[in-house]
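Colleague: Below is one structure. I have some questions about it.
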2 protein chains.
Amino acid sequence: MADDVYWDPEHLEEVVSQRARILGPAVWAAATPDPRPVISFAGGLPDIPSLPGEILARAARWVVENDEKEALEYNGTFGPRPLRQALAERSTGIEGIPVALENVMIVSGSAHGIGIVCETLLDPGDIVLCESPNFPGSMRTMRTFGAELVSVPMDGHGLRVDALEVELKKLADSGRRAKFIYTIPNHQNPAGITLPLDRRQRIVELAQEYRTLILEDDAYGELWFKQAPPPSLYSLSGGDHVIKVSSFSKILATGLRMGWTMASPAITSRMASVRYDMGSSAFLGRAIAQAIRSGDLDRHVPHLREIYGRKLGRMEAALREHCGTHCTWTTPDGGFFLWLLLDPGLPAGDVQRVANKKGVIVGGGPQFFADGRATNHLRLAFSYVATEDIEEGVNRLAEAIEEVAAAPAAK
Amino acid sequence: MADDVYWDPEHLEEVVSQRARILGPAVWAAATPDPRPVISFAGGLPDIPSLPGEILARAARWVVENDEKEALEYNGTFGPRPLRQALAERSTGIEGIPVALENVMIVSGSAHGIGIVCETLLDPGDIVLCESPNFPGSMRTMRTFGAELVSVPMDGHGLRVDALEVELKKLADSGRRAKFIYTIPNHQNPAGITLPLDRRQRIVELAQEYRTLILEDDAYGELWFKQAPPPSLYSLSGGDHVIKVSSFSKILATGLRMGWTMASPAITSRMASVRYDMGSSAFLGRAIAQAIRSGDLDRHVPHLREIYGRKLGRMEAALREHCGTHCTWTTPDGGFFLWLLLDPGLPAGDVQRVANKKGVIVGGGPQFFADGRATNHLRLAFSYVATEDIEEGVNRLAEAIEEVAAAPAAK
């Protein structure tokens, strides 16, 4: 009998869903053994000393004293009304178009919001036009809903609108259309690029012309260093055919798992309906609403801009000093990432592996690309590393680059 | 062009996913106009005065002072380790079998956990054997994943194991098997029944024999009044082929959106993998872990048992006094619900409508039944209503019953 029961780990494959089969089991993160303490330029994680614990503990206390009943009961799948209202008002200022309560839904982080967009729009075989490189987590989610990802390349100014038009036309000519275009227009992950206004306008026009929606992922938009990015695609579309997903992860904390979506009321109500979680936490939602109303959030964000701008400055100075002869990059206007292009003859995968051995972790590889064909880039996150460790981390990377450059016949 | 764009609300139906089409748009809850303040016996909501705001604010403060970095960063899809560890230890005591870290995953409420089970196991056309009546929210989620729900009736002692065996055999004879059996063995929603030990043992045996999993929904298990329920199906199976889903909603607060699953490590890792939300809130998870470690939770639960037991006593006394000649019920051993059987000639739907007009809301109807064929029951939640309003609520219900009984030729 024992060999026959299908809940046995070996037989589980027979009973899990199609999505679960695509995904396989989850694995525990393995520890990285290294004699020197590891310096991480890998994850898109926030700066530790600036984590707003005090703001959150104070807001939680306020909620318990002033809003206890509502904060501890169900608040519905659209989310707590005070947070939706606070975001509608705040977003009206940021977006430059009226944003109403009906446009806003609270989600459990932007990854959750993107998953809900997929649940709402994607059936197996549907097409998503995906700016490439891009955030691997989102592409993974889209693929597990059975979507076919069509890669649209970027250049030094972001998504190539000419290539987007070619793909849209190709689809239209074969009688198909994309369910949506997926893009990160601000301080892109991983490429660090901010899309200029004219391209934004053109993408919105093309989406209208070819009758497709846009999924605008904006986890990093508020974290600009010198000037705010151009208006969002959501704003340029008048809030009509763009779903914008935003997050408190980078402006407050990833450990909250809180974010929001903005879309037309019709789309928002479909997204609220596919949720089976009875909504995101009312307790956290109302605490964040209080952090907005009290002004804490709007005092915190400029502080973060200053920190990340300073970290980027340190990283660029170290790169110029130690790696400048072997690579190039475009200075990002904000966000967490610097996208380093290695010179020919220095394969990114080799540099990444050697760097890892030397105690610095960097991102890179085909998982960032919708078509799996990686360019010769490495992603350096300057956000998480302690400021005083940045130069040492770049030093180790420089050692790795020199070692790969000196190796005979790097293939 | 305007009529042609498919993101127009009227054309949205063309592009949403199969699941979204099944669900339709979400709607706002309408206000109930009534001259008298409404008394609600409808929702499975916790008692307001006992909401543990102070426990939560204190735990949030503790986390910020002692565990800030970990509480505000990603903690992975399995959930924060300290909460999994605290639950493993606490559950080992409750379940009477060893529960390890690897058996536990943190979810955003038990509705979320049940949704994850569906995402992990169900493809369109799969069969779920569903104890009936049952919680409409779970049945709705299962249906939207394309599952066919096969109703297995209950009697006064819970799920009828003879009927379960008939359905399992019928499926096996036609070469099929159910993906899982869905049951709420403790203080069932809506029927209030606690399944006796011998039936629990038989269900576990039948699931083994017919090679199906069991989804054990246990939102109310800890809220017993006089004695703890028999061992869980999870415990009786040795943790092998049962997925048990539990929640902090009823023992702390629904507004947290926090719960947990217990299952074999193999199944747990598949469930962690289908998540696209990057895990539940580390901040809330670590605060709850602190509420467990500090003893706050274990001091709070007996207090809740006392409150809900007292509310049930009040409701039963009022029912005996005002409605006793028109209905019967079985006293629940715990939980939130009393399942009232109306005498023949008193259609539950008519009583519900008249009661609603008189300012008392009660549950009932076909949405509680997997096959949509309602019995003549009403669900009375005694959990949420203020203690001092219980008698008035039952009075109004009694008025409604008398009115329906007096109506000529109730059909």
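Just so we're on the same page: first chain in the structure tokens is A, next is B, and so on; residues restart at 1 for each chain, and ligands are numbered from 1 in the order they show up.
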Taking only C-alpha atoms into account, which residues of chain A are within 6 Å of chain B, as a PyMOL selection string?
Modeller: chain A and resi 5+7+9+16-17+20+25-26+53+57+60-61+64+71-74+111-112+115+120-123+211+241+253-257+266+269-270+272-274+276-277+281-283
Colleague: Cα-based RMSD, chain A fitted onto chain B, all atoms paired in sequence order: value?
Modeller: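 RMSD over all C-alpha atoms: 0.0 Å.
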Colleague: Could you tell me how far CA of Asn134 (chain A) sits from CA of Gly158 (chain A), in Å to one decimal place?
Modeller: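 Rounded to one decimal, the two atoms are 11.1 Å apart.
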Colleague: At a cut-off of 10 Å, using only C-alpha atoms, what residues contact His187 (chain B)? Leave out same-chain residues fewer than 2 positions from it and give the result as a ChimeraX atom specification.
Modeller: /B:158,184-185,189-195,218-224,229,332-338
Colleague: Could you pull out the helix (DSSP H, G or I) residues of region 55-207 of chain A from DSSP and send them as number ranges by chain?
Modeller: A: 55-66, 68-71, 81-95, 101-103, 110-121, 136-144, 161-173, 197-207
Colleague: Counting only C-alpha atoms, figure out which residue out of A:Arg293, A:Arg202, A:Lys358, A:Arg143 gets nearest to Glu165 (chain A).
Modeller: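 When distances to Glu165 (chain A) are compared using only C-alpha atoms, the smallest one comes from A:Arg202.
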Colleague: Determine which residues of region 177-307 of chain B DSSP labels as strand (DSSP E) from the backbone of this structure, then write them out as a list in words.
Modeller: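 Going through region 177-307 of chain B, the strand (DSSP E) residues come out as Phe180, Ile181, Tyr182, Thr183, Leu213, Ile214, Leu215, Glu216, Asp217, Val242, Ile243, Lys244, Val245, Ser246, Ser247, Gly259, Trp260, Thr261 and Met262 of chain B.
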Colleague: Calculated over only C-alpha atoms, which of the candidates B:Ala405, B:Ile307, B:Cys327, B:Leu197 has the smallest distance to Phe225 (chain B)?
Modeller: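 Among the listed residues, B:Ile307 lies closest to Phe225 (chain B).
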Colleague: Tell me which protein, DNA and RNA residues are within 8 Å of region 127-131 of chain B, counting only C-alpha atoms, leaving out same-chain ones fewer than 4 positions away, and put them as a PyMOL selection string.
Modeller: chain B and resi 147-154+159+164+177-184+370
Colleague: Quick one, how far is CA of Leu215 (chain B) from CA of Val245 (chain B)?
Modeller: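 These two atoms are separated by 7.5 Å.
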